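Trainee: Questions regarding the structure given below will be posed in turn.
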Amino acid sequence: MPNDISRLVFDYSKNGKLVDTHFINKLIEIVVNANHLNNYVKNLVFSNLREADEGFAVAGYDLIGGNILVSIDAINKVLENMEYSDRYAYLFTDVEQIFRRNLIITQFILHELEHAKQNKQANSKDTDLETKLLKASFRESQTIKNPKVWELIFKGEINPIELVAYIAIKKAKYEQYYKENPSERLAQIRSYKTITDVLEPIKDLVPNLSQFEQASLVEQMLAGYSYDWSMISAPTPIYLEGLGYSNIWENLDFYDSNIMELQNKVADKYDLAKRLILGLPINDKEYENTSNWLHSSIKY
């Protein structure tokens with residue numbers, strides 16, 4: 001899959017072309033076919049521009065309907081803003097500038113396609129840790145989709161007003177803990193990982209951009225981690241506890257109420273990269289070393 005996306009990005013960028021509707025359709029086709037997502041990505045819908053917390057919402061994934069939503073207006077706004085106010089522009093050659101603009105939009109769409117993959121994974125019978133975390137992240141959406149829930153509503157055994165109120169509360173919590181949310185972190189990390197894979201065959205052509213995207217990937221892996229009382233707080237337990245799913249965290253096979261024992265048990269089970277990807281506890285030294293590498297990169 002990365003090689004197919006690489007060819008698509010290369011063909012556009014080498015000819016000075018920026019992302020358009022054909023590019024978007026082709027990108028989605030590549031990812032859907034490679035991951036067998038036909039049941040989870042039904043349509044590509046070009047939507048109107050809407051504002052997001054950190055700028056323009058370029059793309060979205062409709063978990064219920066299975067639609068990928070893309071705003072061409074927002075894409076044009078992002079690209080226009082980059083042309084006049086890109087604080088990283090000085091790092092790149094003219095060739096790299098074109099590639100970077102196309103890859104930024106590519107990453108937005110890959111992020112939403114990751115949510116489609118997660119939807120498929122959350123519907124599976126897998127019991128690995130990542131699937132458990134995704135099931136927790138998608139719990140309210142899965143509830144809405146569940147035909148048994150609607151059957152109970154029609155029978156009068158579930159009060160629809162109370163259900164709507166419950167989902168609204170959970171949605172507010174979801175937004176409050178957005179940066180710690182496993183599904184959002186995974187979508188960011190995996191989409192940036194795909195970007196670095198896409199650049200691998202052409203890294204000699206765009207060396208600065210390749211290094212920059214490697215740094216961006218590590219940056220996403222550290223997102224959600226923070227210092228709390230001289231300890232490193234990991235995003236996943238913060239999210240689960242914040243959403244009221246502490247039981248999920250406490251029932252994991254590595255859980256320990258003693259933070260130092262917990263760090264040791266998690267480290268015995270997963271390497272540092274895997275822990276960062278899943279938002280699991282790491283120690284101060286691991287955080288410091290990773291952060292130091294990031295701040296010595298071309299991006300900083």
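Scheme for the structure tokens: letters A, B, ... for chains in order shown; per-chain residue numbers from 1; ligand numbers from 1 in order shown.
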Out of region 113-300 of chain A, which residues get helix (DSSP H, G or I) from DSSP, as a ChimeraX atom specification?

Mentor: /A:113-122,129-137,139-145,147-154,160-176,178-180,182-202,207-222,235-242,246-250,259-269,272-278,284-295

Trainee: Near region 24-39 of chain A, counting only C-alpha atoms, which residues have an atom at most 7 Å away, once you skip same-chain residues fewer than 5 positions from it, shown as a ChimeraX atom specification?

Mentor: /A:1,5,117

Trainee: Write out, as a Markdown table, each residue of region 272-296 of chain A that has an atom at most 10 Å from region 213-220 of chain A, together with the closest pair of atoms and their distance in Å to one decimal, counting only C-alpha atoms, rows going by chain and rising number.

Mentor:
```
| residue | atom | partner | partner_atom | distance |
| --- | --- | --- | --- | --- |
| A:Ala273 | CA | A:Val218 | CA | 9.4 |
| A:Leu276 | CA | A:Val218 | CA | 9.0 |
| A:Ile277 | CA | A:Gln220 | CA | 8.7 |
| A:Thr290 | CA | A:Val218 | CA | 7.9 |
| A:Ser291 | CA | A:Glu219 | CA | 8.3 |
| A:Trp293 | CA | A:Ala215 | CA | 8.7 |
| A:Leu294 | CA | A:Ala215 | CA | 6.0 |
| A:His295 | CA | A:Ala215 | CA | 8.7 |
| A:Ser296 | CA | A:Ala215 | CA | 9.4 |
```

Trainee: Tell me which protein, DNA and RNA residues are within 10 Å of Gly242 (chain A), counting only C-alpha atoms, leaving out same-chain ones fewer than 4 positions away, and put them as a PDB file with C-alpha atoms, in the first residue's frame.

Mentor:
```pdb
ATOM      1  CA  LYS A 170     -19.991  10.752  27.050  1.00  0.00           C
ATOM      2  CA  LYS A 173     -16.078  13.676  27.966  1.00  0.00           C
ATOM      3  CA  TYR A 174     -14.741  12.381  24.629  1.00  0.00           C
ATOM      4  CA  GLN A 176     -12.505  16.811  26.922  1.00  0.00           C
ATOM      5  CA  TYR A 177     -10.057  13.913  26.651  1.00  0.00           C
ATOM      6  CA  GLU A 180      -5.607  11.203  25.225  1.00  0.00           C
ATOM      7  CA  THR A 236      -4.475   5.890  27.798  1.00  0.00           C
ATOM      8  CA  PRO A 237      -5.131   5.432  31.539  1.00  0.00           C
ATOM      9  CA  ILE A 238      -6.069   9.129  31.767  1.00  0.00           C
ATOM     10  CA  SER A 246     -11.296   2.448  35.000  1.00  0.00           C
TER      11      SER A 246
END
```

Trainee: Which of these residues is nearest to Lys179 (chain A), using only C-alpha atoms: A:Tyr245, A:Tyr287, A:Tyr225, A:Phe46?

Mentor: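 Smallest distance to Lys179 (chain A) is found for A:Tyr225.
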
Trainee: Could you tell me how far CA of Val41 (chain A) lies from CA of Asn67 (chain A), in Å and to one decimal?

Mentor: 5.7 Å

Trainee: Excluding Ile72 (chain A) and its own-chain neighbours fewer than 3 positions away, which residues fall within 9 Å of it when counting only C-alpha atoms? Please give them as an MDAnalysis selection string.

Mentor: chainID A and resid 20:21 46:49 58 75:77

Trainee: Now that the selection is made, can you save its residues with N, CA and C atoms as a PDB file, in the first residue's frame?

Mentor:
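selection-v8.pdb, freshly written:
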```pdb
ATOM      1  N   ASP A  20      -6.247  16.996  -5.671  1.00  0.00           N
ATOM      2  CA  ASP A  20      -7.559  17.338  -6.230  1.00  0.00           C
ATOM      3  C   ASP A  20      -8.510  16.171  -5.986  1.00  0.00           C
ATOM      4  N   THR A  21      -9.696  16.245  -6.552  1.00  0.00           N
ATOM      5  CA  THR A  21     -10.692  15.198  -6.290  1.00  0.00           C
ATOM      6  C   THR A  21     -10.249  13.839  -6.821  1.00  0.00           C
ATOM      7  N   PHE A  46     -18.152  14.963  -0.588  1.00  0.00           N
ATOM      8  CA  PHE A  46     -17.506  16.269  -0.526  1.00  0.00           C
ATOM      9  C   PHE A  46     -18.442  17.226   0.201  1.00  0.00           C
ATOM     10  N   SER A  47     -18.019  17.644   1.384  1.00  0.00           N
ATOM     11  CA  SER A  47     -18.877  18.432   2.271  1.00  0.00           C
ATOM     12  C   SER A  47     -18.461  19.897   2.269  1.00  0.00           C
ATOM     13  N   ASN A  48     -19.254  20.709   2.969  1.00  0.00           N
ATOM     14  CA  ASN A  48     -18.951  22.130   3.084  1.00  0.00           C
ATOM     15  C   ASN A  48     -17.893  22.364   4.154  1.00  0.00           C
ATOM     16  N   LEU A  49     -17.243  23.493   4.063  1.00  0.00           N
ATOM     17  CA  LEU A  49     -16.224  23.880   5.039  1.00  0.00           C
ATOM     18  C   LEU A  49     -16.860  24.070   6.405  1.00  0.00           C
ATOM     19  N   VAL A  58     -10.594  19.439   7.391  1.00  0.00           N
ATOM     20  CA  VAL A  58     -10.398  18.988   6.017  1.00  0.00           C
ATOM     21  C   VAL A  58     -11.192  17.720   5.731  1.00  0.00           C
ATOM     22  N   ILE A  75      -9.433  22.229   2.126  1.00  0.00           N
ATOM     23  CA  ILE A  75      -8.137  21.877   1.547  1.00  0.00           C
ATOM     24  C   ILE A  75      -7.497  23.107   0.910  1.00  0.00           C
ATOM     25  N   ASN A  76      -8.289  23.835   0.148  1.00  0.00           N
ATOM     26  CA  ASN A  76      -7.764  25.043  -0.500  1.00  0.00           C
ATOM     27  C   ASN A  76      -7.327  26.083   0.522  1.00  0.00           C
ATOM     28  N   LYS A  77      -8.075  26.194   1.626  1.00  0.00           N
ATOM     29  CA  LYS A  77      -7.718  27.142   2.689  1.00  0.00           C
ATOM     30  C   LYS A  77      -6.394  26.750   3.337  1.00  0.00           C
TER      31      LYS A  77
END
```

Trainee: Contacts of Tyr12 (chain A) at 9 Å or less, counting only C-alpha atoms, minus same-chain residues fewer than 4 places along, as number ranges by chain?

Mentor: A: 7-8, 16-19, 23, 98-99, 102
